[in-house]
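The next block is final-v9.cif, given as mmCIF, C-alpha atoms.
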data_structure
loop_
_atom_site.group_PDB
_atom_site.id
_atom_site.type_symbol
_atom_site.label_atom_id
_atom_site.label_comp_id
_atom_site.auth_asym_id
_atom_site.auth_seq_id
_atom_site.Cartn_x
_atom_site.Cartn_y
_atom_site.Cartn_z
ATOM 1 C CA MET A 964 16.215 0.582 -17.179
ATOM 2 C CA GLU A 965 14.896 -2.564 -15.480
ATOM 3 C CA ALA A 966 14.719 -0.695 -12.173
ATOM 4 C CA LEU A 967 12.794 2.080 -13.891
ATOM 5 C CA LEU A 968 10.360 -0.365 -15.467
ATOM 6 C CA ASN A 969 9.889 -2.263 -12.201
ATOM 7 C CA THR A 970 8.943 1.015 -10.532
ATOM 8 C CA VAL A 971 6.882 2.765 -13.212
ATOM 9 C CA VAL A 972 4.895 -0.214 -14.556
ATOM 10 C CA PRO A 973 3.087 -0.958 -11.247
ATOM 11 C CA VAL A 974 2.272 2.748 -10.894
ATOM 12 C CA ALA A 975 0.976 2.892 -14.480
ATOM 13 C CA PHE A 976 -1.130 -0.230 -13.853
ATOM 14 C CA ILE A 977 -2.924 1.355 -10.877
ATOM 15 C CA VAL A 978 -3.474 4.644 -12.718
ATOM 16 C CA LEU A 979 -4.834 2.730 -15.728
ATOM 17 C CA THR A 980 -7.169 0.794 -13.435
ATOM 18 C CA GLY A 981 -8.477 4.062 -12.012
ATOM 19 C CA TYR A 982 -8.881 5.430 -15.523
ATOM 20 C CA LEU A 983 -10.885 2.398 -16.721
ATOM 21 C CA VAL A 984 -13.059 2.367 -13.605
ATOM 22 C CA GLY A 985 -13.558 6.130 -13.844
ATOM 23 C CA ARG A 986 -14.870 5.757 -17.398
ATOM 24 C CA ARG A 987 -17.664 3.454 -16.197
ATOM 25 C CA ILE A 988 -18.481 4.477 -12.616
ATOM 26 C CA GLU A 989 -19.278 7.937 -11.265
ATOM 27 C CA PHE A 990 -17.110 8.753 -8.242
ATOM 28 C CA ASP A 991 -17.154 11.800 -5.975
ATOM 29 C CA LEU A 992 -13.652 13.102 -6.644
ATOM 30 C CA PRO A 993 -13.677 15.891 -4.011
ATOM 31 C CA THR A 994 -14.443 13.275 -1.338
ATOM 32 C CA LEU A 995 -11.662 10.987 -2.565
ATOM 33 C CA SER A 996 -9.215 13.887 -2.551
ATOM 34 C CA LYS A 997 -10.202 14.893 0.980
ATOM 35 C CA LEU A 998 -9.837 11.273 2.140
ATOM 36 C CA SER A 999 -6.256 11.283 0.837
ATOM 37 C CA ILE A 1000 -5.254 14.757 2.035
ATOM 38 C CA TYR A 1001 -6.840 14.610 5.490
ATOM 39 C CA VAL A 1002 -6.587 10.901 6.409
ATOM 40 C CA LEU A 1003 -4.339 8.678 4.310
ATOM 41 C CA VAL A 1004 -1.440 11.064 3.638
ATOM 42 C CA PRO A 1005 -1.101 12.088 7.318
ATOM 43 C CA VAL A 1006 -0.996 8.431 8.345
ATOM 44 C CA LEU A 1007 1.585 7.667 5.648
ATOM 45 C CA ILE A 1008 3.782 10.566 6.788
ATOM 46 C CA PHE A 1009 3.462 9.589 10.467
ATOM 47 C CA ASP A 1010 4.426 6.008 9.616
ATOM 48 C CA ALA A 1011 7.367 7.137 7.461
ATOM 49 C CA MET A 1012 8.702 9.306 10.280
ATOM 50 C CA LEU A 1013 8.618 6.314 12.621
ATOM 51 C CA ARG A 1014 10.313 3.835 10.288
ATOM 52 C CA ALA A 1015 12.954 5.898 8.438
ATOM 53 C CA LYS A 1016 16.559 4.973 9.275
ATOM 54 C CA LEU A 1017 18.377 8.291 9.216
ATOM 55 C CA THR A 1018 22.145 8.028 9.517
ATOM 56 C CA GLY A 1019 25.263 10.069 8.779
ATOM 57 C CA ALA A 1020 26.342 13.681 8.618
ATOM 58 C CA SER A 1021 24.886 13.968 5.114
ATOM 59 C CA VAL A 1022 21.437 14.768 6.557
ATOM 60 C CA VAL A 1023 22.102 18.494 6.961
ATOM 61 C CA GLY A 1024 23.770 18.868 3.555
ATOM 62 C CA ILE A 1025 21.078 17.040 1.593
ATOM 63 C CA THR A 1026 18.299 18.859 3.445
ATOM 64 C CA ALA A 1027 19.880 22.282 2.893
ATOM 65 C CA ALA A 1028 20.554 21.539 -0.770
ATOM 66 C CA PHE A 1029 16.980 20.347 -1.293
ATOM 67 C CA PHE A 1030 15.410 23.491 0.134
ATOM 68 C CA LEU A 1031 17.788 25.802 -1.715
ATOM 69 C CA ALA A 1032 17.100 24.026 -5.018
ATOM 70 C CA SER A 1033 13.354 24.031 -4.300
ATOM 71 C CA ALA A 1034 13.451 27.771 -3.656
ATOM 72 C CA GLY A 1035 15.154 28.217 -7.020
ATOM 73 C CA LEU A 1036 12.512 26.042 -8.701
ATOM 74 C CA TYR A 1037 9.716 27.989 -7.038
ATOM 75 C CA LEU A 1038 11.105 31.282 -8.332
ATOM 76 C CA LEU A 1039 11.653 29.789 -11.790
ATOM 77 C CA ALA A 1040 8.084 28.432 -11.950
ATOM 78 C CA LEU A 1041 6.652 31.687 -10.608
ATOM 79 C CA GLY A 1042 8.593 33.709 -13.172
ATOM 80 C CA LEU A 1043 7.495 31.393 -15.988
ATOM 81 C CA ALA A 1044 3.860 31.616 -14.871
ATOM 82 C CA ARG A 1045 4.003 35.415 -14.898
ATOM 83 C CA TRP A 1046 5.796 35.521 -18.245
ATOM 84 C CA LEU A 1047 3.134 33.240 -19.752
ATOM 85 C CA ARG A 1048 0.411 35.262 -17.980
ATOM 86 C CA LEU A 1049 -1.200 32.147 -16.549
ATOM 87 C CA GLU A 1050 -4.345 32.579 -14.519
ATOM 88 C CA GLN A 1051 -4.040 31.911 -10.786
ATOM 89 C CA GLY A 1052 -5.222 28.284 -10.817
ATOM 90 C CA ALA A 1053 -2.830 27.311 -13.612
ATOM 91 C CA ALA A 1054 0.046 29.171 -11.933
ATOM 92 C CA LYS A 1055 -0.522 27.228 -8.700
ATOM 93 C CA ALA A 1056 -0.626 23.962 -10.638
ATOM 94 C CA LEU A 1057 2.664 24.849 -12.374
ATOM 95 C CA ILE A 1058 4.376 25.682 -9.076
ATOM 96 C CA ALA A 1059 3.105 22.477 -7.441
ATOM 97 C CA SER A 1060 4.229 20.422 -10.448
ATOM 98 C CA ALA A 1061 7.699 21.969 -10.435
ATOM 99 C CA THR A 1062 8.387 21.690 -6.718
ATOM 100 C CA PHE A 1063 6.748 18.369 -5.721
ATOM 101 C CA PRO A 1064 8.777 15.353 -6.964
ATOM 102 C CA ASN A 1065 7.710 11.719 -6.741
ATOM 103 C CA SER A 1066 10.496 11.061 -4.232
ATOM 104 C CA GLY A 1067 8.616 8.386 -2.305
ATOM 105 C CA ASN A 1068 7.315 5.313 -4.069
ATOM 106 C CA MET A 1069 9.377 5.979 -7.209
ATOM 107 C CA GLY A 1070 12.422 7.866 -5.949
ATOM 108 C CA LEU A 1071 13.242 5.593 -3.021
ATOM 109 C CA SER A 1072 13.039 2.482 -5.190
ATOM 110 C CA LEU A 1073 15.262 3.889 -7.936
ATOM 111 C CA CYS A 1074 17.871 5.162 -5.463
ATOM 112 C CA PHE A 1075 18.036 1.731 -3.828
ATOM 113 C CA PHE A 1076 18.419 -0.134 -7.132
ATOM 114 C CA ALA A 1077 20.915 2.392 -8.502
ATOM 115 C CA LEU A 1078 22.990 3.229 -5.406
ATOM 116 C CA GLY A 1079 22.330 0.482 -2.870
ATOM 117 C CA GLN A 1080 21.558 0.825 0.829
ATOM 118 C CA PRO A 1081 23.762 3.927 1.332
ATOM 119 C CA GLY A 1082 21.849 5.595 -1.489
ATOM 120 C CA LEU A 1083 18.531 4.566 0.044
ATOM 121 C CA ASP A 1084 19.505 6.018 3.435
ATOM 122 C CA ARG A 1085 20.233 9.374 1.800
ATOM 123 C CA ALA A 1086 17.125 9.153 -0.385
ATOM 124 C CA ILE A 1087 15.001 8.871 2.766
ATOM 125 C CA VAL A 1088 16.497 12.158 3.995
ATOM 126 C CA PHE A 1089 15.423 13.770 0.702
ATOM 127 C CA PHE A 1090 11.959 12.196 0.981
ATOM 128 C CA ILE A 1091 11.422 13.588 4.474
ATOM 129 C CA ALA A 1092 12.593 17.045 3.366
ATOM 130 C CA SER A 1093 10.210 16.920 0.401
ATOM 131 C CA SER A 1094 7.406 15.824 2.747
ATOM 132 C CA VAL A 1095 8.057 18.872 4.916
ATOM 133 C CA LEU A 1096 7.879 21.084 1.827
ATOM 134 C CA MET A 1097 4.848 19.374 0.324
ATOM 135 C CA PHE A 1098 2.710 18.887 3.405
ATOM 136 C CA GLY A 1099 4.107 21.467 5.798
ATOM 137 C CA LEU A 1100 4.730 24.515 3.606
ATOM 138 C CA GLY A 1101 2.983 23.641 0.326
ATOM 139 C CA PRO A 1102 -0.602 24.353 1.426
ATOM 140 C CA ALA A 1103 0.374 27.843 2.654
ATOM 141 C CA PHE A 1104 2.046 28.726 -0.657
ATOM 142 C CA LEU A 1105 -0.749 27.280 -2.800
ATOM 143 C CA ARG A 1106 -3.597 28.751 -0.786
ATOM 144 C CA GLY A 1107 -2.110 32.231 -0.907
ATOM 145 C CA GLY A 1108 -2.969 35.171 1.330
ATOM 146 C CA GLY A 1109 -0.820 36.744 4.012
ATOM 147 C CA PHE A 1110 2.051 34.831 5.566
ATOM 148 C CA VAL A 1111 0.522 34.706 9.063
ATOM 149 C CA GLN A 1112 -2.864 33.660 7.680
ATOM 150 C CA SER A 1113 -1.302 30.978 5.464
ATOM 151 C CA LEU A 1114 0.888 29.690 8.288
ATOM 152 C CA GLY A 1115 -2.135 29.488 10.571
ATOM 153 C CA PHE A 1116 -3.985 27.502 7.902
ATOM 154 C CA THR A 1117 -1.038 25.111 7.530
ATOM 155 C CA LEU A 1118 -0.845 24.589 11.289
ATOM 156 C CA ARG A 1119 -4.474 23.460 11.283
ATOM 157 C CA LEU A 1120 -3.820 20.717 8.726
ATOM 158 C CA PRO A 1121 -3.405 17.117 9.955
ATOM 159 C CA LEU A 1122 -0.570 16.731 7.418
ATOM 160 C CA PHE A 1123 1.683 19.045 9.422
ATOM 161 C CA TRP A 1124 0.884 17.537 12.801
ATOM 162 C CA ALA A 1125 1.351 14.005 11.487
ATOM 163 C CA LEU A 1126 4.869 15.037 10.468
ATOM 164 C CA VAL A 1127 5.597 16.650 13.841
ATOM 165 C CA GLY A 1128 3.949 13.806 15.764
ATOM 166 C CA GLY A 1129 5.889 11.116 13.942
ATOM 167 C CA LEU A 1130 9.191 12.875 14.571
ATOM 168 C CA ALA A 1131 8.282 13.448 18.243
ATOM 169 C CA VAL A 1132 7.293 9.813 18.860
ATOM 170 C CA ARG A 1133 10.458 8.637 17.129
ATOM 171 C CA GLY A 1134 12.688 11.110 18.940
ATOM 172 C CA LEU A 1135 11.282 10.228 22.361
ATOM 173 C CA GLY A 1136 11.419 6.505 21.623
ATOM 174 C CA LEU A 1137 7.749 6.003 22.520
ATOM 175 C CA PRO A 1138 6.355 2.590 21.500
ATOM 176 C CA LEU A 1139 2.873 2.386 20.009
ATOM 177 C CA PRO A 1140 0.868 -0.047 22.199
ATOM 178 C CA LEU A 1141 -1.382 -2.968 21.298
ATOM 179 C CA GLY A 1142 -0.081 -3.391 17.768
ATOM 180 C CA LEU A 1143 -1.172 0.154 16.880
ATOM 181 C CA GLY A 1144 2.020 0.619 14.864
ATOM 182 C CA GLU A 1145 1.011 -2.175 12.507
ATOM 183 C CA GLY A 1146 -2.435 -0.636 12.084
ATOM 184 C CA VAL A 1147 -0.859 2.717 11.267
ATOM 185 C CA HIS A 1148 1.491 1.048 8.774
ATOM 186 C CA LEU A 1149 -1.363 -0.864 7.116
ATOM 187 C CA LEU A 1150 -3.485 2.268 6.726
ATOM 188 C CA GLY A 1151 -0.498 4.234 5.436
ATOM 189 C CA GLN A 1152 0.096 1.608 2.762
ATOM 190 C CA ALA A 1153 -3.383 2.344 1.375
ATOM 191 C CA CYS A 1154 -2.383 5.931 0.606
ATOM 192 C CA ILE A 1155 -0.405 5.481 -2.622
ATOM 193 C CA PRO A 1156 -2.900 3.115 -4.333
ATOM 194 C CA VAL A 1157 -5.845 5.369 -3.456
ATOM 195 C CA MET A 1158 -4.017 8.454 -4.742
ATOM 196 C CA LEU A 1159 -3.053 6.685 -7.968
ATOM 197 C CA LEU A 1160 -6.601 5.427 -8.474
ATOM 198 C CA THR A 1161 -7.881 8.954 -7.866
ATOM 199 C CA LEU A 1162 -5.413 10.239 -10.448
ATOM 200 C CA GLY A 1163 -6.686 7.702 -12.975
ATOM 201 C CA ILE A 1164 -10.282 8.715 -12.304
ATOM 202 C CA GLN A 1165 -9.339 12.396 -12.691
ATOM 203 C CA ILE A 1166 -7.629 11.658 -16.020
ATOM 204 C CA ALA A 1167 -10.728 9.788 -17.208
ATOM 205 C CA ARG A 1168 -12.692 12.999 -16.715
ATOM 206 C CA SER A 1169 -10.089 15.195 -18.369
ATOM 207 C CA GLN A 1170 -9.348 15.674 -22.021
ATOM 208 C CA PRO A 1171 -5.966 13.987 -22.566
ATOM 209 C CA GLU A 1172 -3.547 16.422 -24.134
ATOM 210 C CA TRP A 1173 0.171 17.083 -24.415
ATOM 211 C CA GLY A 1174 -0.131 20.826 -24.473
ATOM 212 C CA SER A 1175 2.409 23.509 -23.700
ATOM 213 C CA PHE A 1176 1.496 23.613 -19.989
ATOM 214 C CA GLU A 1177 2.098 19.894 -19.496
ATOM 215 C CA LEU A 1178 5.415 20.024 -21.371
ATOM 216 C CA GLN A 1179 6.565 23.142 -19.504
ATOM 217 C CA ALA A 1180 5.714 21.600 -16.127
ATOM 218 C CA SER A 1181 7.502 18.388 -17.126
ATOM 219 C CA ALA A 1182 10.586 20.307 -18.282
ATOM 220 C CA LEU A 1183 10.783 22.114 -14.946
ATOM 221 C CA ARG A 1184 10.472 18.859 -13.028
ATOM 222 C CA LEU A 1185 12.593 16.522 -15.174
ATOM 223 C CA LEU A 1186 15.301 18.872 -16.486
ATOM 224 C CA ALA A 1187 15.539 22.071 -14.443
ATOM 225 C CA ALA A 1188 15.139 20.366 -11.050
ATOM 226 C CA PRO A 1189 18.061 17.899 -11.314
ATOM 227 C CA LEU A 1190 20.260 20.585 -12.887
ATOM 228 C CA LEU A 1191 19.565 22.990 -10.033
ATOM 229 C CA ALA A 1192 20.078 20.225 -7.471
ATOM 230 C CA GLY A 1193 23.438 19.286 -8.948
ATOM 231 C CA VAL A 1194 24.642 22.904 -8.986
ATOM 232 C CA VAL A 1195 23.516 23.505 -5.398
ATOM 233 C CA GLY A 1196 25.032 20.235 -4.175
ATOM 234 C CA TRP A 1197 28.338 21.070 -5.855
ATOM 235 C CA ALA A 1198 28.297 24.626 -4.472
ATOM 236 C CA LEU A 1199 27.748 23.293 -0.939
ATOM 237 C CA GLY A 1200 30.634 20.871 -1.326
ATOM 238 C CA LEU A 1201 28.586 17.704 -0.743
ATOM 239 C CA GLU A 1202 30.251 14.349 -1.212
ATOM 240 C CA ARG A 1203 29.739 12.457 -4.463
ATOM 241 C CA LEU A 1204 27.097 10.017 -3.223
ATOM 242 C CA ASP A 1205 25.084 12.826 -1.632
ATOM 243 C CA ILE A 1206 25.040 14.701 -4.937
ATOM 244 C CA GLN A 1207 24.120 11.546 -6.861
ATOM 245 C CA VAL A 1208 21.103 10.951 -4.622
ATOM 246 C CA LEU A 1209 20.167 14.632 -4.648
ATOM 247 C CA VAL A 1210 20.196 14.765 -8.456
ATOM 248 C CA LEU A 1211 18.452 11.409 -8.962
ATOM 249 C CA GLN A 1212 15.658 12.195 -6.506
ATOM 250 C CA SER A 1213 15.253 15.641 -8.083
ATOM 251 C CA ALA A 1214 14.904 13.993 -11.503
ATOM 252 C CA MET A 1215 11.746 12.129 -10.479
ATOM 253 C CA PRO A 1216 8.508 12.997 -12.303
ATOM 254 C CA ILE A 1217 5.778 15.118 -10.761
ATOM 255 C CA ALA A 1218 4.332 13.638 -7.579
ATOM 256 C CA VAL A 1219 0.776 12.319 -7.578
ATOM 257 C CA ASN A 1220 0.253 14.603 -4.576
ATOM 258 C CA ALA A 1221 0.847 17.638 -6.807
ATOM 259 C CA PHE A 1222 -2.539 17.334 -8.477
ATOM 260 C CA LEU A 1223 -4.242 16.520 -5.160
ATOM 261 C CA MET A 1224 -2.689 19.537 -3.434
ATOM 262 C CA ALA A 1225 -3.313 21.836 -6.392
ATOM 263 C CA GLY A 1226 -6.940 20.787 -6.646
ATOM 264 C CA GLU A 1227 -7.545 21.005 -2.903
ATOM 265 C CA PHE A 1228 -5.988 24.437 -2.429
ATOM 266 C CA GLY A 1229 -7.218 26.411 -5.417
ATOM 267 C CA GLY A 1230 -5.062 25.160 -8.288
ATOM 268 C CA ASP A 1231 -6.032 23.658 -11.639
ATOM 269 C CA GLY A 1232 -6.407 19.969 -10.719
ATOM 270 C CA PRO A 1233 -7.051 18.584 -14.228
ATOM 271 C CA ARG A 1234 -3.991 20.353 -15.661
ATOM 272 C CA ALA A 1235 -1.832 19.126 -12.799
ATOM 273 C CA ALA A 1236 -3.165 15.590 -13.320
ATOM 274 C CA ARG A 1237 -2.233 15.649 -16.997
ATOM 275 C CA ALA A 1238 1.212 17.030 -16.131
ATOM 276 C CA VAL A 1239 1.760 14.109 -13.732
ATOM 277 C CA VAL A 1240 1.052 11.641 -16.527
ATOM 278 C CA VAL A 1241 3.141 13.457 -19.148
ATOM 279 C CA SER A 1242 6.134 13.785 -16.827
ATOM 280 C CA SER A 1243 5.889 10.104 -15.845
ATOM 281 C CA VAL A 1244 5.921 9.029 -19.495
ATOM 282 C CA LEU A 1245 8.796 11.366 -20.382
ATOM 283 C CA SER A 1246 10.781 10.133 -17.369
ATOM 284 C CA PHE A 1247 11.389 6.874 -19.275
ATOM 285 C CA MET A 1248 13.712 8.946 -21.468
ATOM 286 C CA THR A 1249 15.144 11.428 -18.964
ATOM 287 C CA ILE A 1250 15.929 9.255 -15.909
ATOM 288 C CA PRO A 1251 18.224 6.833 -17.786
ATOM 289 C CA LEU A 1252 20.140 9.882 -19.052
ATOM 290 C CA VAL A 1253 20.396 11.254 -15.520
ATOM 291 C CA LEU A 1254 21.687 7.888 -14.301
ATOM 292 C CA LEU A 1255 24.406 7.982 -16.930
ATOM 293 C CA LEU A 1256 25.318 11.587 -16.104
ATOM 294 C CA ILE A 1257 25.784 10.824 -12.403
ATOM 295 C CA GLY A 1258 27.899 7.768 -13.198
ATOM 296 C CA VAL A 1259 25.367 4.947 -12.699
ATOM 297 C CA GLY A 1260 24.561 2.257 -15.222
ATOM 298 C CA GLY A 1261 27.324 3.085 -17.651
ATOM 299 C CA GLY A 1262 28.529 -0.488 -17.803
#
Please render this file's structure as structure tokens.
Amino acid sequence: MEALLNTVVPVAFIVLTGYLVGRRIEFDLPTLSKLSIYVLVPVLIFDAMLRAKLTGASVVGITAAFFLASAGLYLLALGLARWLRLEQGAAKALIASATFPNSGNMGLSLCFFALGQPGLDRAIVFFIASSVLMFGLGPAFLRGGGFVQSLGFTLRLPLFWALVGGLAVRGLGLPLPLGLGEGVHLLGQACIPVMLLTLGIQIARSQPEWGSFELQASALRLLAAPLLAGVVGWALGLERLDIQVLVLQSAMPIAVNAFLMAGEFGGDGPRAARAVVVSSVLSFMTIPLVLLLIGVGGG
């Protein structure tokens, strides 16, 4: 619980700051969102690709399990959206909320505190896989249209090329000259605070509510996602620690990026923003239960 508090409280503080500032000062939210999507997030992803320490044969298993579970979540969210007859913007927000976990600033920290360095190494694999889904494939799914058209749109995004570029520079062992790596790292570190502040500002402009949409999106993210991940990990025969990390990362609340991506690519941004907050609050109750179920924190 202390690890959870140490992770969630700083996040809540930044969101609250954005909320309070947003109540008093008029900001141009579309510009802030574009700054995050087209500048800060690509730099963060590029930096993460350079610095991640990927080790072990678990990489393939965790990656495969993540994408299989995400495909199941996508179909589940899509089916729920059609059953509820949600309009297109709300349906996109529901799909983004269900499939984009907060596996970075929250998930990595919790995996390290709960499962140590071996857990962190595996959590980074999950984080990179979720980055590929969120920033490489997510825009195509959320924007809609034909597959070729959507793929072409995704290939024009700096998010995708930051991912590819980071992996290429790392794979080739190319050093960044003149301290450029530190500049990249410093700019990447600005991404999370700016996104959280933007979320707070968005919430300040939204009517706070715990409606059925927010609870349904939270249930998909906090309950269905870890359950699916555990089943897929077990079916693939992953080792115990791999499954523990897979389930714990999948149990993270909705990523801040979900509302940014939904708003940028035709989804219902305010609904997604409220779902982020509701899922983060509810995670205080669900994540400790998940930790107990995977055999962590019982004593």
Checklist entry - Between A:Ile1000, A:Leu1096, A:Leu1105, A:Leu1135, which has the minimum distance to A:Ala1034 (counting all atoms listed in the file)? => result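 For A:Ala1034, the nearest of the given residues is A:Leu1096.
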Checklist entry - What do you get, as number ranges by chain, if you spell out every residue that the PyMOL selection byres ((chain A and resi 1174) around 10) selects here? => result A: 1171-1173, 1175-1179, 1234, 1237-1238, 1241
Item to check | Nearest candidate to A:Ala1153 (options A:Leu1007, A:Leu992, A:Val978, A:Ala1192; using only C-alpha atoms) | outcome: A:Leu1007
Quick one: axis-aligned box around all listed atoms of stretch 1218-1227 of chain A, 8 Å on every side, centre and edge lengths in Å to one decimal, written as lines of an AutoDock Vina configuration file.
center_x = -1.6
center_y = 17.1
center_z = -5.7
size_x = 27.9
size_y = 25.5
size_z = 21.6
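With the shown file loaded, the PyMOL selection byres ((chain A and resi 1035-1047) around 7) picks out Leu1031, Ala1032, Ser1033, Ala1034, Arg1048, Leu1049, Ala1054, Leu1057, Ile1058, Ala1061, Thr1062 and Ala1188 of chain A.
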Checklist entry - What is the atom CA of A:Ala1027 to atom CA of A:Leu1003 distance in Å? => result 27.8 Å
Checklist entry - From the list A:Gly1151, A:Pro1064, A:Gly1101, A:Gly1115, which residue is nearest A:Met1012 when using all atoms listed in the file? => result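 Smallest distance to A:Met1012 is found for A:Gly1151.
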Excluding stretch 1156-1158 of chain A and residues on its chain fewer than 3 positions from it, collect all residues at most 12 Å away from it, counting all atoms listed in the file, and give them as a short mmCIF file (atom, residue, chain, number, x, y, z; two decimals) with C-alpha atoms, keeping the file's coordinate frame.
data_model
loop_
_atom_site.label_atom_id
_atom_site.label_comp_id
_atom_site.auth_asym_id
_atom_site.auth_seq_id
_atom_site.Cartn_x
_atom_site.Cartn_y
_atom_site.Cartn_z
CA PRO A 973 3.09 -0.96 -11.25
CA VAL A 974 2.27 2.75 -10.89
CA ALA A 975 0.98 2.89 -14.48
CA PHE A 976 -1.13 -0.23 -13.85
CA ILE A 977 -2.92 1.36 -10.88
CA VAL A 978 -3.47 4.64 -12.72
CA LEU A 979 -4.83 2.73 -15.73
CA THR A 980 -7.17 0.79 -13.44
CA GLY A 981 -8.48 4.06 -12.01
CA LEU A 992 -13.65 13.10 -6.64
CA THR A 994 -14.44 13.28 -1.34
CA LEU A 995 -11.66 10.99 -2.56
CA SER A 996 -9.22 13.89 -2.55
CA LYS A 997 -10.20 14.89 0.98
CA LEU A 998 -9.84 11.27 2.14
CA SER A 999 -6.26 11.28 0.84
CA ILE A 1000 -5.25 14.76 2.04
CA VAL A 1002 -6.59 10.90 6.41
CA LEU A 1003 -4.34 8.68 4.31
CA VAL A 1004 -1.44 11.06 3.64
CA LEU A 1007 1.58 7.67 5.65
CA ASN A 1068 7.32 5.31 -4.07
CA LEU A 1150 -3.48 2.27 6.73
CA GLY A 1151 -0.50 4.23 5.44
CA GLN A 1152 0.10 1.61 2.76
CA ALA A 1153 -3.38 2.34 1.38
CA THR A 1161 -7.88 8.95 -7.87
CA LEU A 1162 -5.41 10.24 -10.45
CA GLY A 1163 -6.69 7.70 -12.98
CA ILE A 1164 -10.28 8.72 -12.30
CA GLN A 1165 -9.34 12.40 -12.69
CA ALA A 1218 4.33 13.64 -7.58
CA VAL A 1219 0.78 12.32 -7.58
CA ASN A 1220 0.25 14.60 -4.58
CA ALA A 1221 0.85 17.64 -6.81
CA PHE A 1222 -2.54 17.33 -8.48
CA LEU A 1223 -4.24 16.52 -5.16
CA MET A 1224 -2.69 19.54 -3.43
CA ALA A 1236 -3.16 15.59 -13.32
#
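Remark: for A:Lys1055, the closest of the candidate residues A:Ala1103, A:Ile1206, A:Leu1073, A:Val1127 is A:Ala1103 (distances computed over only C-alpha atoms).
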Next on the checklist: I need the output of the PyMOL selection byres ((chain A and resi 1089) around 12) for this file as an MDAnalysis selection string; which residues are they?
Outcome noted: chainID A and resid 1015 1017 1021:1030 1032:1033 1063:1067 1070:1071 1074 1082:1088 1090:1097 1192 1205:1213 1215
Got a sec to check which residues sit within 12 Å of (13.4, 12.0, -19.8), counting only C-alpha atoms, and write them as a compact mmCIF listing (two decimals) with C-alpha atoms, in the coordinates of the input?
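Writing done, so here's result-v8.txt:
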# COMPACT_ATOMS: atom_id res chain seq x y z
CA LEU A 967 12.79 2.08 -13.89
CA LEU A 1178 5.42 20.02 -21.37
CA SER A 1181 7.50 18.39 -17.13
CA ALA A 1182 10.59 20.31 -18.28
CA LEU A 1183 10.78 22.11 -14.95
CA ARG A 1184 10.47 18.86 -13.03
CA LEU A 1185 12.59 16.52 -15.17
CA LEU A 1186 15.30 18.87 -16.49
CA ALA A 1187 15.54 22.07 -14.44
CA PRO A 1189 18.06 17.90 -11.31
CA LEU A 1211 18.45 11.41 -8.96
CA ALA A 1214 14.90 13.99 -11.50
CA MET A 1215 11.75 12.13 -10.48
CA PRO A 1216 8.51 13.00 -12.30
CA VAL A 1241 3.14 13.46 -19.15
CA SER A 1242 6.13 13.78 -16.83
CA SER A 1243 5.89 10.10 -15.84
CA VAL A 1244 5.92 9.03 -19.50
CA LEU A 1245 8.80 11.37 -20.38
CA SER A 1246 10.78 10.13 -17.37
CA PHE A 1247 11.39 6.87 -19.27
CA MET A 1248 13.71 8.95 -21.47
CA THR A 1249 15.14 11.43 -18.96
CA ILE A 1250 15.93 9.26 -15.91
CA PRO A 1251 18.22 6.83 -17.79
CA LEU A 1252 20.14 9.88 -19.05
CA VAL A 1253 20.40 11.25 -15.52
CA LEU A 1254 21.69 7.89 -14.30
Next on the checklist: I'd like to know which of A:Leu1255, A:Val972, A:Leu1139, A:Val1239 is closest to A:Ala1225, using all atoms listed in the file.
Outcome noted: A:Val1239
Checklist entry - With distances taken over all atoms listed in the file, which of A:Ala1056, A:Leu1190, A:Leu1201, A:Leu1130 is nearest to A:Phe1104? => result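 Checking each of A:Ala1056, A:Leu1190, A:Leu1201, A:Leu1130 against A:Phe1104, counting all atoms listed in the file, the winner is A:Ala1056.
Note that atom CA of A:Pro1005 and atom CA of A:Gly1129 are 9.7 Å apart.
Straight-line separation from atom CA of A:Leu1204 to atom CA of A:Leu1013: 24.6 Å.
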